[in-house]
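Single-structure report; data block below.
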2 protein chains.
Amino acid sequence: MTRRRLAMVGGALLLALGCAREPAPGSRGTAPALASWNEGAAKAAILRLVANVTTPGDPGYLPAAARIAVFDNDGTLWCEQPVYVQLQFALDRVKALAPQHPEWRTQEPFDHLLAGDTKAFLAGGERSAAAVMAASHSGLTTDEFAAVVKDWLRTARHPKTGRPYTDMVYEPMLELLDYLRANGFKTYIVTGGGVEFVRAFADSVYGIPPEQVIGSEGRLRFELREGKPTLLKLPEVQFVDDGPGKPAAIQATIGRRPVAAFGNSDGDQQMLEWTWAAPGARLAMLIHHTDAEREWAYDHDSPIGRLDQALAEADTAGWSVADMRADWKRVFRAP
Amino acid sequence: MTRRRLAMVGGALLLALGCAREPAPGSRGTAPALASWNEGAAKAAILRLVANVTTPGDPGYLPAAARIAVFDNDGTLWCEQPVYVQLQFALDRVKALAPQHPEWRTQEPFDHLLAGDTKAFLAGGERSAAAVMAASHSGLTTDEFAAVVKDWLRTARHPKTGRPYTDMVYEPMLELLDYLRANGFKTYIVTGGGVEFVRAFADSVYGIPPEQVIGSEGRLRFELREGKPTLLKLPEVQFVDDGPGKPAAIQATIGRRPVAAFGNSDGDQQMLEWTWAAPGARLAMLIHHTDAEREWAYDHDSPIGRLDQALAEADTAGWSVADMRADWKRVFRAP
């Protein structure tokens, strides 16, 4: 979760915009490649890129080691409405921790949150959200934090569908991950969310191992506890993996320029620019949330996953846009 | 290169401690595993770890995805005497850039360096070294910097042996990298040196791809130049990958606890502690520079690669120590 995104999140907290319906059951695993994608420009662009980079002799051919694909997470791989999942985790965790923090009853913004006064809490904007994030994401070792997130994901339910958040992932994107990996691609998540939070489910849900998750980072402090080394999560930001931070993090962590990049908001714009501008066959794709019936419809004015400038650039630069309503046969993974 | 290490480097600059001799020619590629390692406790510890983690049913067995090995670079994989290679690069680059910086002729510490007054330059200590690092490592895009490093590595020669620096790598460690990879390990470099510097040769010299090099980082600024996105290297430190920074960087980047860790100095102590303390079969090994004839002999009092507290901990904790003189049949890769 990033400061910039927190600022956008403030006004959107607990808004209930539309309601997701259950998709028709799919047949994941035995389905042909990209089975949930309708024929159209988006699917064709994916197939074309893969054909280019995997065909020896093609001008776009690349050895497998150079086939790097990067994916935003919130709104690109899983649902970010009505509120970023990680922020919901933070809110729930503050409530769970409240008995150990009697001082919160008279301390903003915790007092409003614990009293159920959402309006007063939201009035605190970015500062309130940051305080909640810091309180809920620090003071634990990395091992302890991972266990807390996994516990929460097991029991928490999406407010509209009643499904676990880890079921609120997009079936067409899971198929895309599988398809790229089957063609030698290494798939990375590059998320504005916290790296430790996303790693808690990325391997089991997306098949993306921890070393292929890049995200925002809090500072870690190495310390010996009764002689045992631990890494303690501090309430300080080490790196914000959003906007121009995304290409910087890709370079710092991967050290290779991606061949394909997938995002859904203005926070992904620079990552797509960085990917698209390299020579050779490239794919830059935005997921456009156009489906109010099966998911949500939002873009230019949304406080969550705002998609404005990046959509304009897609048009002028020639990026691909996957229109959820038109391009996807189904949205969520079948239960 | 890190501030802490720069502080240590100051006094050691341009010292000529001993002289490396050419090793006997080896037969790399067709040799059996670990052919340059003498029989002994160090080699046995390596073989034992690999047997444990690769044997199904062994209590130490691990799936390949969990087999992570981390290696320090300076003094562990290649020679760090008589001065860190990256600092020599920085000094050479300042001299190469001097014609474009007439102001340096009257500006400390560049004036001393350009006048050949080593003593005055060294008197500036850490501050001088940091100024040289900043001037030589920023102002370029990441692509430009990689090209500059590769150019320099092609032409620069080690002051004592006259060999390219990329030949000053330890044959037994190359064999160890090969051996671990042949047994399903993923090999990472975790270096106090700059990540962009080490990536310029890690793949061709060690077989370690850019995404498996973790190092100290300068800040990167994303900017459009004539509409083309670039990442500009700024003269500011983003992260120091040394000492307690190493386990923090391993967690932030890999998100898994290593199974084996190799280092040679006190800057590697916490990385070895972090690796060693995890449950299951583990290996923590120090490379001890004991061979004044074939390489250098240094430890407790060396301004470069100081090995003092970590060596004491190896003794009490039961870490392995590879004694270069006793454990290695040859030191450097054959020309």
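In the structure tokens, chains take the letters A, B, ... in the order shown, each chain's residues start at 1, and ligands count up from 1 in the order shown.
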
Practice task
Excluding Trp37 (chain A) and residues on its chain fewer than 3 positions from it, collect all residues at most 7 Å away from it, counting only C-alpha atoms, and give them as a count of residues only.
Solution key: 6

Please provide the set of residues having any atom within 10 Å of Ala45 (chain A), restricted to only C-alpha atoms, with same-chain residues fewer than 2 positions apart removed, written as a compact mmCIF listing (two decimals) with C-alpha atoms, in the first residue's frame.
# COMPACT_ATOMS: atom_id res chain seq x y z
CA GLY A 40 -10.60 -9.81 -30.21
CA ALA A 41 -7.70 -7.39 -30.29
CA ALA A 42 -6.55 -8.04 -26.71
CA LYS A 43 -6.33 -11.81 -27.06
CA LEU A 47 -0.99 -14.55 -28.98
CA ARG A 48 1.06 -12.42 -31.36
CA LEU A 49 3.62 -11.48 -28.69
CA VAL A 50 4.08 -15.10 -27.65
CA ALA A 51 4.42 -16.21 -31.26
CA ARG A 282 6.63 -5.92 -26.62
CA LEU A 283 3.18 -5.95 -25.05
CA ALA A 284 1.71 -3.30 -22.76
CA MET A 285 -1.85 -4.01 -21.68
CA TRP A 319 -1.05 -0.18 -25.98
CA SER A 320 -3.58 -2.97 -25.71
CA VAL A 321 -6.69 -2.61 -23.60

Exercise for the section: For chain B, list the residues within 8 Å of chain A, counting only C-alpha atoms, and write the list as number ranges by chain. Expected result: B: 195-196, 199, 210-212, 214, 217, 220-222, 228-231, 244-245, 247-248, 252-256, 273-274, 277

Practice task
Just list the residues in region 59-194 of chain B DSSP gives strand (DSSP E or B) on the backbone, as a list of chain:residue names.
Solution key: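 Those residues are B:Ile68, B:Ala69, B:Val70, B:Phe71, B:Asp74, B:Trp78, B:Thr141, B:Val169, B:Tyr170, B:Lys186, B:Thr187, B:Tyr188, B:Ile189, B:Val190, B:Thr191, B:Gly192, B:Gly193, B:Gly194.
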
Fill in the blank from the handout: From CA of Val83 (chain B) to CA of Pro164 (chain B) the spacing works out at 14.4 Å

Practice task
Run DSSP on the backbone and give me the residues of region 59-260 of chain A it puts in helix (DSSP H, G or I), as an NGL selection string.
Solution key: :A and (64-66 or 85-100 or 102-106 or 110-114 or 118-123 or 125-137 or 142-155 or 165-167 or 171-182 or 195-206 or 210-212 or 245-253)

Practice task
Considering only C-alpha atoms, state which residue in the set A:Ala200, A:Ala98, A:Leu113, A:Leu234 is at the smallest distance from Asp143 (chain A).
Solution key: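 Among A:Ala200, A:Ala98, A:Leu113, A:Leu234, it is A:Ala200 that comes nearest to Asp143 (chain A).
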
Handout entry: Selected residue, from A:Asn52, A:Asn183, A:Ser302, A:Thr141, that lies nearest to Lys233 (chain A) when counting only C-alpha atoms
Key =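 Distance minimum relative to Lys233 (chain A) lands on A:Thr141.
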
Problem - Selection: 12 Å around region 288-291 of chain A, only C-alpha atoms, excl. self and same-chain fewer than 6 positions, as a count of residues only - result: 45

Handout entry: Atomic separation - CA of Ala35 (chain A) relative to CA of Ile208 (chain A), Å
Key = 20.6 Å

Problem - Option closest in space to Trp104 (chain B), from B:Asp72, B:Asp301, B:Glu39, B:Val132 [counting only C-alpha atoms] - result: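 Among B:Asp72, B:Asp301, B:Glu39, B:Val132, it is B:Val132 that comes nearest to Trp104 (chain B).
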